[in-house]
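Data file: data_37.pdb. Format and content: PDB, C-alpha atoms.
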```pdb
ATOM      1  CA  MET A1167       0.000   0.000   0.000
ATOM      2  CA  LEU A1168       2.773   2.441   0.951
ATOM      3  CA  GLY A1169       4.590   1.663  -2.312
ATOM      4  CA  ARG A1170       1.483   2.562  -4.315
ATOM      5  CA  ARG A1171       1.241   5.924  -2.554
ATOM      6  CA  PHE A1172       4.832   6.798  -3.447
ATOM      7  CA  LEU A1173       4.217   5.717  -7.041
ATOM      8  CA  LEU A1174       1.094   7.895  -7.214
ATOM      9  CA  VAL A1175       2.941  10.903  -5.763
ATOM     10  CA  GLY A1176       5.771  10.367  -8.258
ATOM     11  CA  LEU A1177       3.358  10.175 -11.184
ATOM     12  CA  LEU A1178       1.567  13.342 -10.077
ATOM     13  CA  ALA A1179       4.863  15.225  -9.764
ATOM     14  CA  ALA A1180       5.882  14.107 -13.252
ATOM     15  CA  ALA A1181       2.511  15.128 -14.684
ATOM     16  CA  CYS A1182       2.892  18.650 -13.260
ATOM     17  CA  GLY A1183       6.008  19.226 -15.370
ATOM     18  CA  GLY A1184       8.644  19.369 -12.658
ATOM     19  CA  PRO A1185       9.887  22.204 -10.488
ATOM     20  CA  ALA A1186       8.629  25.745 -10.897
ATOM     21  CA  THR A1187      10.715  28.612 -12.223
ATOM     22  CA  ARG A1188      12.322  30.661  -9.448
ATOM     23  CA  LEU A1189      14.370  33.784  -8.877
ATOM     24  CA  VAL A1190      17.563  33.172  -6.913
ATOM     25  CA  THR A1191      19.271  36.060  -5.125
ATOM     26  CA  VAL A1192      23.005  35.381  -5.401
ATOM     27  CA  ARG A1193      24.053  38.692  -3.837
ATOM     28  CA  SER A1194      21.781  40.888  -1.742
ATOM     29  CA  PRO A1195      21.113  44.336  -3.165
ATOM     30  CA  THR A1196      23.198  47.221  -1.863
ATOM     31  CA  GLY A1197      20.973  50.007  -3.178
ATOM     32  CA  GLN A1198      23.761  51.214  -5.471
ATOM     33  CA  GLY A1199      25.058  50.097  -8.832
ATOM     34  CA  LYS A1200      23.584  48.079 -11.636
ATOM     35  CA  VAL A1201      21.349  45.043 -11.439
ATOM     36  CA  ASP A1202      23.294  41.855 -12.270
ATOM     37  CA  PHE A1203      20.679  39.531 -13.810
ATOM     38  CA  SER A1204      20.961  36.249 -15.708
ATOM     39  CA  VAL A1205      18.619  33.594 -17.045
ATOM     40  CA  LYS A1206      19.563  29.952 -16.547
ATOM     41  CA  ASN A1207      17.825  27.454 -18.820
ATOM     42  CA  LEU A1208      17.046  24.332 -16.780
ATOM     43  CA  THR A1209      14.306  23.190 -19.162
ATOM     44  CA  ASP A1210      14.463  20.427 -21.760
ATOM     45  CA  VAL A1211      14.607  22.731 -24.808
ATOM     46  CA  PRO A1212      16.390  25.929 -25.885
ATOM     47  CA  ILE A1213      14.893  29.300 -24.938
ATOM     48  CA  ASN A1214      14.523  31.208 -28.210
ATOM     49  CA  THR A1215      13.525  34.617 -26.869
ATOM     50  CA  PHE A1216      13.404  36.452 -23.557
ATOM     51  CA  TYR A1217      11.715  39.780 -22.763
ATOM     52  CA  LEU A1218      11.454  42.144 -19.805
ATOM     53  CA  ALA A1219       8.821  44.805 -19.187
ATOM     54  CA  LYS A1220       8.146  46.962 -16.148
ATOM     55  CA  THR A1221       5.397  45.280 -14.119
ATOM     56  CA  GLU A1222       3.500  48.569 -13.837
ATOM     57  CA  ARG A1223       3.327  48.905 -17.650
ATOM     58  CA  VAL A1224       2.115  45.341 -18.140
ATOM     59  CA  GLU A1225      -0.540  45.717 -15.427
ATOM     60  CA  ALA A1226      -1.656  49.108 -16.762
ATOM     61  CA  ASN A1227      -2.141  47.604 -20.217
ATOM     62  CA  GLY A1228      -3.749  44.418 -18.882
ATOM     63  CA  LYS A1229      -1.608  42.601 -21.399
ATOM     64  CA  HIS A1230       0.023  39.520 -19.937
ATOM     65  CA  GLN A1231      -1.116  37.559 -22.983
ATOM     66  CA  VAL A1232      -0.644  39.401 -26.250
ATOM     67  CA  ASP A1233       0.194  38.130 -29.702
ATOM     68  CA  MET A1234       3.949  38.599 -29.780
ATOM     69  CA  ASN A1235       3.834  39.181 -33.531
ATOM     70  CA  THR A1236       2.177  42.581 -33.188
ATOM     71  CA  ALA A1237       3.459  46.138 -32.869
ATOM     72  CA  GLU A1238       1.503  46.375 -29.584
ATOM     73  CA  ALA A1239       3.517  43.509 -28.094
ATOM     74  CA  GLU A1240       6.819  44.928 -29.264
ATOM     75  CA  ALA A1241       5.947  48.308 -27.767
ATOM     76  CA  LEU A1242       5.080  46.676 -24.445
ATOM     77  CA  TRP A1243       7.769  43.981 -24.172
ATOM     78  CA  GLY A1244      10.522  45.440 -26.332
ATOM     79  CA  PRO A1245      13.050  43.389 -28.278
ATOM     80  CA  ASP A1246      14.437  39.957 -27.467
ATOM     81  CA  LEU A1247      17.192  40.382 -24.877
ATOM     82  CA  THR A1248      19.118  37.141 -25.409
ATOM     83  CA  GLY A1249      20.988  37.905 -28.611
ATOM     84  CA  GLY A1250      20.375  34.262 -29.577
ATOM     85  CA  ALA A1251      18.926  31.085 -28.129
ATOM     86  CA  VAL A1252      19.811  30.070 -24.565
ATOM     87  CA  GLY A1253      20.797  26.427 -24.775
ATOM     88  CA  VAL A1254      19.759  23.750 -22.315
ATOM     89  CA  GLY A1255      21.830  24.102 -19.149
ATOM     90  CA  LYS A1256      23.282  27.444 -20.263
ATOM     91  CA  THR A1257      23.171  30.808 -18.477
ATOM     92  CA  GLU A1258      22.762  34.106 -20.320
ATOM     93  CA  PRO A1259      23.301  37.564 -18.805
ATOM     94  CA  ILE A1260      20.383  39.939 -19.424
ATOM     95  CA  ALA A1261      20.736  43.712 -19.254
ATOM     96  CA  VAL A1262      18.202  45.285 -16.876
ATOM     97  CA  PRO A1263      17.743  48.983 -17.661
ATOM     98  CA  SER A1264      16.928  50.017 -14.083
ATOM     99  CA  PRO A1265      16.055  48.580 -10.676
ATOM    100  CA  GLY A1266      12.405  47.906  -9.910
ATOM    101  CA  ARG A1267       9.644  45.377 -10.468
ATOM    102  CA  TRP A1268       9.832  43.538 -13.765
ATOM    103  CA  ASP A1269       7.754  40.951 -15.607
ATOM    104  CA  ALA A1270       9.656  38.428 -17.715
ATOM    105  CA  ARG A1271       8.485  36.408 -20.676
ATOM    106  CA  ALA A1272      10.415  33.439 -22.068
ATOM    107  CA  VAL A1273       9.515  31.583 -25.255
ATOM    108  CA  ASP A1274      10.997  28.185 -26.090
ATOM    109  CA  ARG A1275      11.715  26.684 -29.496
ATOM    110  CA  ASP A1276       8.290  24.993 -29.508
ATOM    111  CA  GLY A1277       6.439  28.291 -28.976
ATOM    112  CA  ARG A1278       5.559  27.599 -25.340
ATOM    113  CA  GLU A1279       5.777  30.609 -23.036
ATOM    114  CA  GLN A1280       6.537  31.317 -19.419
ATOM    115  CA  LEU A1281       5.351  34.532 -17.841
ATOM    116  CA  ILE A1282       7.050  35.453 -14.570
ATOM    117  CA  THR A1283       5.513  38.476 -12.879
ATOM    118  CA  GLY A1284       6.708  40.961 -10.284
ATOM    119  CA  LEU A1285      10.427  40.159 -10.170
ATOM    120  CA  HIS A1286      12.023  42.501  -7.618
ATOM    121  CA  LEU A1287      15.398  43.430  -9.087
ATOM    122  CA  ASP A1288      17.149  45.943  -6.864
ATOM    123  CA  ALA A1289      20.312  48.009  -7.412
ATOM    124  CA  GLY A1290      23.540  46.224  -6.578
ATOM    125  CA  GLY A1291      21.854  42.824  -6.385
ATOM    126  CA  LYS A1292      22.845  39.731  -8.330
ATOM    127  CA  TYR A1293      19.995  37.485  -9.490
ATOM    128  CA  ILE A1294      19.551  34.324 -11.539
ATOM    129  CA  LEU A1295      16.153  33.423 -12.940
ATOM    130  CA  GLU A1296      16.150  29.624 -13.107
ATOM    131  CA  LEU A1297      13.687  28.511 -15.789
ATOM    132  CA  TYR A1298      12.261  25.028 -15.171
ATOM    133  CA  GLU A1299       9.722  22.860 -16.981
ATOM    134  CA  GLY A1300       6.940  23.457 -14.438
ATOM    135  CA  ASN A1301       5.752  26.814 -15.800
ATOM    136  CA  TRP A1302       5.353  26.377 -19.562
ATOM    137  CA  ARG A1303       2.029  27.357 -21.093
ATOM    138  CA  VAL A1304       0.746  27.418 -24.645
ATOM    139  CA  TYR A1305      -0.990  30.710 -25.416
ATOM    140  CA  SER A1306      -3.211  31.224 -28.413
ATOM    141  CA  PRO A1307      -3.596  34.779 -29.712
TER     142      PRO A1307
END
```

Structure re-expressed in structure tokens:
Amino acid sequence: MLGRRFLLVGLLAAACGGPATRLVTVRSPTGQGKVDFSVKNLTDVPINTFYLAKTERVEANGKHQVDMNTAEAEALWGPDLTGGAVGVGKTEPIAVPSPGRWDARAVDRDGREQLITGLHLDAGGKYILELYEGNWRVYSP
């Protein structure tokens, strides 16, 4: 009986897609200097594009899910910040224009997206956003 419970728990964990994406603070913010921010791809596929937008702008527009192939999306999210795909297991530094609250959007090679909201990225801090399989969604425009 106990063995069946562990099997059931294991199957449920696998069905949920694995661990959830998380922000890791490597160095606490000092309140001065730039934000040191990277994305680490711990998923099963390359990350093709990665975007940042100020949380306040995204909330004001009510646009967490927009067709990324529109001028509206580009105006809100800006250009891809990776400079190329982020391979599986690789880490890519991402320039953050200023400290504050940011929403992030990652798109993998299969067109699945992750939306991570309200990232607190403070001056002088060092952060790694670890992308895992548990947060992928397929959005239809």

Practice problem: List the residues matched by the PyMOL selection byres ((chain A and resi 1187-1189) around 6) in the displayed structure as number ranges by chain, ordered by chain and then by residue number. | Solution: A: 1186, 1190, 1294-1298

Selection to disk with C-alpha atoms, as a CSV table (one decimal), in the coordinates of the input:
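Generated file (again_7.csv):
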```csv
chain,number,residue,atom,x,y,z
A,1186,ALA,CA,8.6,25.7,-10.9
A,1190,VAL,CA,17.6,33.2,-6.9
A,1294,ILE,CA,19.6,34.3,-11.5
A,1295,LEU,CA,16.2,33.4,-12.9
A,1296,GLU,CA,16.2,29.6,-13.1
A,1297,LEU,CA,13.7,28.5,-15.8
A,1298,TYR,CA,12.3,25.0,-15.2
```

Exercise. Name the closest residue to Ala1241 of chain A among the candidates A:Leu1208, A:Lys1220, A:Val1254, A:Thr1215; distances are taken between atoms, counting all atoms listed in the file.
Key: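 Of the candidates, the smallest distance to Ala1241 of chain A is held by A:Lys1220.
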
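Shortest atom-to-atom contact with Glu1299 of chain A among A:Ala1251, A:Ala1239, A:Leu1285, A:Ile1213: A:Ile1213, counting only C-alpha atoms.
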
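When atom CA of Val1252 of chain A is paired with atom CA of Pro1195 of chain A, their separation reads 25.8 Å.
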
Quiz item: What gap, in Å, lies between atom CA of Val1192 of chain A and atom CA of Pro1259 of chain A?
Solution: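 Result for atom CA of Val1192 of chain A versus atom CA of Pro1259 of chain A: 13.6 Å, one decimal.
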
Radius query 10 Å about (17.3, 17.6, -22.9), atoms used: all atoms listed in the file, as an mmCIF file with C-alpha atoms, in the frame of the given file:
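What ended up in point.cif:
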```cif
data_model
loop_
_atom_site.group_PDB
_atom_site.id
_atom_site.type_symbol
_atom_site.label_atom_id
_atom_site.label_comp_id
_atom_site.auth_asym_id
_atom_site.auth_seq_id
_atom_site.Cartn_x
_atom_site.Cartn_y
_atom_site.Cartn_z
ATOM 1 C CA LEU A 1208 17.046 24.332 -16.780
ATOM 2 C CA THR A 1209 14.306 23.190 -19.162
ATOM 3 C CA ASP A 1210 14.463 20.427 -21.760
ATOM 4 C CA VAL A 1211 14.607 22.731 -24.808
ATOM 5 C CA PRO A 1212 16.390 25.929 -25.885
ATOM 6 C CA GLY A 1253 20.797 26.427 -24.775
ATOM 7 C CA VAL A 1254 19.759 23.750 -22.315
ATOM 8 C CA GLY A 1255 21.830 24.102 -19.149
#
```

Target residues per the PyMOL selection byres ((chain A and resi 1244-1248) around 12), formatted as a JSON list (two decimals) with C-alpha atoms, in the coordinates of the input:
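This went into expr-v3.json:
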```json
[["chain", "number", "residue", "atom", "x", "y", "z"],
["A", 1203, "PHE", "CA", 20.68, 39.53, -13.81],
["A", 1204, "SER", "CA", 20.96, 36.25, -15.71],
["A", 1205, "VAL", "CA", 18.62, 33.59, -17.05],
["A", 1206, "LYS", "CA", 19.56, 29.95, -16.55],
["A", 1207, "ASN", "CA", 17.82, 27.45, -18.82],
["A", 1212, "PRO", "CA", 16.39, 25.93, -25.88],
["A", 1213, "ILE", "CA", 14.89, 29.30, -24.94],
["A", 1214, "ASN", "CA", 14.52, 31.21, -28.21],
["A", 1215, "THR", "CA", 13.52, 34.62, -26.87],
["A", 1216, "PHE", "CA", 13.40, 36.45, -23.56],
["A", 1217, "TYR", "CA", 11.72, 39.78, -22.76],
["A", 1218, "LEU", "CA", 11.45, 42.14, -19.80],
["A", 1219, "ALA", "CA", 8.82, 44.80, -19.19],
["A", 1220, "LYS", "CA", 8.15, 46.96, -16.15],
["A", 1223, "ARG", "CA", 3.33, 48.90, -17.65],
["A", 1224, "VAL", "CA", 2.12, 45.34, -18.14],
["A", 1234, "MET", "CA", 3.95, 38.60, -29.78],
["A", 1235, "ASN", "CA", 3.83, 39.18, -33.53],
["A", 1236, "THR", "CA", 2.18, 42.58, -33.19],
["A", 1237, "ALA", "CA", 3.46, 46.14, -32.87],
["A", 1238, "GLU", "CA", 1.50, 46.38, -29.58],
["A", 1239, "ALA", "CA", 3.52, 43.51, -28.09],
["A", 1240, "GLU", "CA", 6.82, 44.93, -29.26],
["A", 1241, "ALA", "CA", 5.95, 48.31, -27.77],
["A", 1242, "LEU", "CA", 5.08, 46.68, -24.44],
["A", 1243, "TRP", "CA", 7.77, 43.98, -24.17],
["A", 1249, "GLY", "CA", 20.99, 37.90, -28.61],
["A", 1250, "GLY", "CA", 20.38, 34.26, -29.58],
["A", 1251, "ALA", "CA", 18.93, 31.08, -28.13],
["A", 1252, "VAL", "CA", 19.81, 30.07, -24.56],
["A", 1253, "GLY", "CA", 20.80, 26.43, -24.78],
["A", 1256, "LYS", "CA", 23.28, 27.44, -20.26],
["A", 1257, "THR", "CA", 23.17, 30.81, -18.48],
["A", 1258, "GLU", "CA", 22.76, 34.11, -20.32],
["A", 1259, "PRO", "CA", 23.30, 37.56, -18.80],
["A", 1260, "ILE", "CA", 20.38, 39.94, -19.42],
["A", 1261, "ALA", "CA", 20.74, 43.71, -19.25],
["A", 1262, "VAL", "CA", 18.20, 45.28, -16.88],
["A", 1263, "PRO", "CA", 17.74, 48.98, -17.66],
["A", 1269, "ASP", "CA", 7.75, 40.95, -15.61],
["A", 1270, "ALA", "CA", 9.66, 38.43, -17.72],
["A", 1271, "ARG", "CA", 8.48, 36.41, -20.68],
["A", 1272, "ALA", "CA", 10.42, 33.44, -22.07],
["A", 1273, "VAL", "CA", 9.52, 31.58, -25.26]]
```

What lies within 7 Å of segment 1197-1202 of chain A using only C-alpha atoms, ignoring chain neighbours under 6 positions off, as a compact mmCIF listing (two decimals) with C-alpha atoms, keeping the file's coordinate frame?
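Writing done, so here's part_14.txt:
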```txt
# COMPACT_ATOMS: atom_id res chain seq x y z
CA VAL A 1262 18.20 45.28 -16.88
CA PRO A 1265 16.06 48.58 -10.68
CA LEU A 1287 15.40 43.43 -9.09
CA ASP A 1288 17.15 45.94 -6.86
CA ALA A 1289 20.31 48.01 -7.41
CA GLY A 1290 23.54 46.22 -6.58
CA GLY A 1291 21.85 42.82 -6.38
CA LYS A 1292 22.84 39.73 -8.33
CA TYR A 1293 20.00 37.48 -9.49
```

Mind completing segment 1245-1275 of chain A with N, CA and C atoms? Output as a PDB file, keeping the file's coordinate frame, please?
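What ended up in out15.pdb:
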```pdb
ATOM      1  N   PRO A1245      12.388  44.417 -27.468  1.00  0.00           N
ATOM      2  CA  PRO A1245      13.050  43.389 -28.278  1.00  0.00           C
ATOM      3  C   PRO A1245      13.509  42.200 -27.422  1.00  0.00           C
ATOM      4  N   ASP A1246      13.836  41.126 -28.110  1.00  0.00           N
ATOM      5  CA  ASP A1246      14.437  39.957 -27.467  1.00  0.00           C
ATOM      6  C   ASP A1246      15.769  40.376 -26.843  1.00  0.00           C
ATOM      7  N   LEU A1247      15.986  39.960 -25.604  1.00  0.00           N
ATOM      8  CA  LEU A1247      17.192  40.382 -24.877  1.00  0.00           C
ATOM      9  C   LEU A1247      18.305  39.349 -24.857  1.00  0.00           C
ATOM     10  N   THR A1248      18.112  38.198 -25.501  1.00  0.00           N
ATOM     11  CA  THR A1248      19.118  37.141 -25.409  1.00  0.00           C
ATOM     12  C   THR A1248      20.240  37.268 -26.423  1.00  0.00           C
ATOM     13  N   GLY A1249      19.956  37.851 -27.578  1.00  0.00           N
ATOM     14  CA  GLY A1249      20.988  37.905 -28.611  1.00  0.00           C
ATOM     15  C   GLY A1249      21.175  36.557 -29.290  1.00  0.00           C
ATOM     16  N   GLY A1250      20.313  35.613 -29.018  1.00  0.00           N
ATOM     17  CA  GLY A1250      20.375  34.262 -29.577  1.00  0.00           C
ATOM     18  C   GLY A1250      19.773  33.291 -28.581  1.00  0.00           C
ATOM     19  N   ALA A1251      19.553  32.086 -29.006  1.00  0.00           N
ATOM     20  CA  ALA A1251      18.926  31.085 -28.129  1.00  0.00           C
ATOM     21  C   ALA A1251      19.794  30.787 -26.909  1.00  0.00           C
ATOM     22  N   VAL A1252      19.128  30.497 -25.793  1.00  0.00           N
ATOM     23  CA  VAL A1252      19.811  30.070 -24.565  1.00  0.00           C
ATOM     24  C   VAL A1252      19.691  28.555 -24.523  1.00  0.00           C
ATOM     25  N   GLY A1253      20.796  27.881 -24.726  1.00  0.00           N
ATOM     26  CA  GLY A1253      20.797  26.427 -24.775  1.00  0.00           C
ATOM     27  C   GLY A1253      20.445  25.784 -23.445  1.00  0.00           C
ATOM     28  N   VAL A1254      20.086  24.523 -23.511  1.00  0.00           N
ATOM     29  CA  VAL A1254      19.759  23.750 -22.315  1.00  0.00           C
ATOM     30  C   VAL A1254      20.975  23.716 -21.392  1.00  0.00           C
ATOM     31  N   GLY A1255      20.754  24.084 -20.137  1.00  0.00           N
ATOM     32  CA  GLY A1255      21.830  24.102 -19.149  1.00  0.00           C
ATOM     33  C   GLY A1255      22.710  25.335 -19.186  1.00  0.00           C
ATOM     34  N   LYS A1256      22.457  26.238 -20.112  1.00  0.00           N
ATOM     35  CA  LYS A1256      23.282  27.444 -20.263  1.00  0.00           C
ATOM     36  C   LYS A1256      22.696  28.618 -19.486  1.00  0.00           C
ATOM     37  N   THR A1257      23.569  29.585 -19.165  1.00  0.00           N
ATOM     38  CA  THR A1257      23.171  30.808 -18.477  1.00  0.00           C
ATOM     39  C   THR A1257      23.518  31.987 -19.367  1.00  0.00           C
ATOM     40  N   GLU A1258      22.577  32.925 -19.469  1.00  0.00           N
ATOM     41  CA  GLU A1258      22.762  34.106 -20.320  1.00  0.00           C
ATOM     42  C   GLU A1258      22.552  35.369 -19.494  1.00  0.00           C
ATOM     43  N   PRO A1259      23.525  36.283 -19.481  1.00  0.00           N
ATOM     44  CA  PRO A1259      23.301  37.564 -18.805  1.00  0.00           C
ATOM     45  C   PRO A1259      22.279  38.400 -19.577  1.00  0.00           C
ATOM     46  N   ILE A1260      21.418  39.090 -18.836  1.00  0.00           N
ATOM     47  CA  ILE A1260      20.383  39.939 -19.424  1.00  0.00           C
ATOM     48  C   ILE A1260      20.542  41.336 -18.839  1.00  0.00           C
ATOM     49  N   ALA A1261      20.615  42.324 -19.712  1.00  0.00           N
ATOM     50  CA  ALA A1261      20.736  43.712 -19.254  1.00  0.00           C
ATOM     51  C   ALA A1261      19.386  44.193 -18.721  1.00  0.00           C
ATOM     52  N   VAL A1262      19.396  44.707 -17.497  1.00  0.00           N
ATOM     53  CA  VAL A1262      18.202  45.285 -16.876  1.00  0.00           C
ATOM     54  C   VAL A1262      18.418  46.795 -16.854  1.00  0.00           C
ATOM     55  N   PRO A1263      17.538  47.541 -17.535  1.00  0.00           N
ATOM     56  CA  PRO A1263      17.743  48.983 -17.661  1.00  0.00           C
ATOM     57  C   PRO A1263      17.770  49.753 -16.348  1.00  0.00           C
ATOM     58  N   SER A1264      16.978  49.303 -15.361  1.00  0.00           N
ATOM     59  CA  SER A1264      16.928  50.017 -14.083  1.00  0.00           C
ATOM     60  C   SER A1264      16.368  49.082 -13.012  1.00  0.00           C
ATOM     61  N   PRO A1265      16.646  49.378 -11.754  1.00  0.00           N
ATOM     62  CA  PRO A1265      16.055  48.580 -10.676  1.00  0.00           C
ATOM     63  C   PRO A1265      14.535  48.747 -10.662  1.00  0.00           C
ATOM     64  N   GLY A1266      13.852  47.811 -10.049  1.00  0.00           N
ATOM     65  CA  GLY A1266      12.405  47.906  -9.910  1.00  0.00           C
ATOM     66  C   GLY A1266      11.738  46.547 -10.018  1.00  0.00           C
ATOM     67  N   ARG A1267      10.429  46.602 -10.277  1.00  0.00           N
ATOM     68  CA  ARG A1267       9.644  45.377 -10.468  1.00  0.00           C
ATOM     69  C   ARG A1267       9.495  45.119 -11.960  1.00  0.00           C
ATOM     70  N   TRP A1268       9.836  43.911 -12.355  1.00  0.00           N
ATOM     71  CA  TRP A1268       9.832  43.538 -13.765  1.00  0.00           C
ATOM     72  C   TRP A1268       9.011  42.272 -13.978  1.00  0.00           C
ATOM     73  N   ASP A1269       8.366  42.190 -15.141  1.00  0.00           N
ATOM     74  CA  ASP A1269       7.754  40.951 -15.607  1.00  0.00           C
ATOM     75  C   ASP A1269       8.672  40.393 -16.686  1.00  0.00           C
ATOM     76  N   ALA A1270       8.817  39.086 -16.720  1.00  0.00           N
ATOM     77  CA  ALA A1270       9.656  38.428 -17.715  1.00  0.00           C
ATOM     78  C   ALA A1270       8.798  37.476 -18.539  1.00  0.00           C
ATOM     79  N   ARG A1271       9.185  37.324 -19.775  1.00  0.00           N
ATOM     80  CA  ARG A1271       8.485  36.408 -20.676  1.00  0.00           C
ATOM     81  C   ARG A1271       9.541  35.637 -21.456  1.00  0.00           C
ATOM     82  N   ALA A1272       9.496  34.312 -21.337  1.00  0.00           N
ATOM     83  CA  ALA A1272      10.415  33.439 -22.068  1.00  0.00           C
ATOM     84  C   ALA A1272       9.610  32.602 -23.044  1.00  0.00           C
ATOM     85  N   VAL A1273      10.163  32.398 -24.237  1.00  0.00           N
ATOM     86  CA  VAL A1273       9.515  31.583 -25.255  1.00  0.00           C
ATOM     87  C   VAL A1273      10.517  30.524 -25.710  1.00  0.00           C
ATOM     88  N   ASP A1274      10.083  29.251 -25.686  1.00  0.00           N
ATOM     89  CA  ASP A1274      10.997  28.185 -26.090  1.00  0.00           C
ATOM     90  C   ASP A1274      10.882  27.893 -27.577  1.00  0.00           C
ATOM     91  N   ARG A1275      11.677  26.983 -28.058  1.00  0.00           N
ATOM     92  CA  ARG A1275      11.715  26.684 -29.496  1.00  0.00           C
ATOM     93  C   ARG A1275      10.403  26.113 -30.021  1.00  0.00           C
TER      94      ARG A1275
END
```
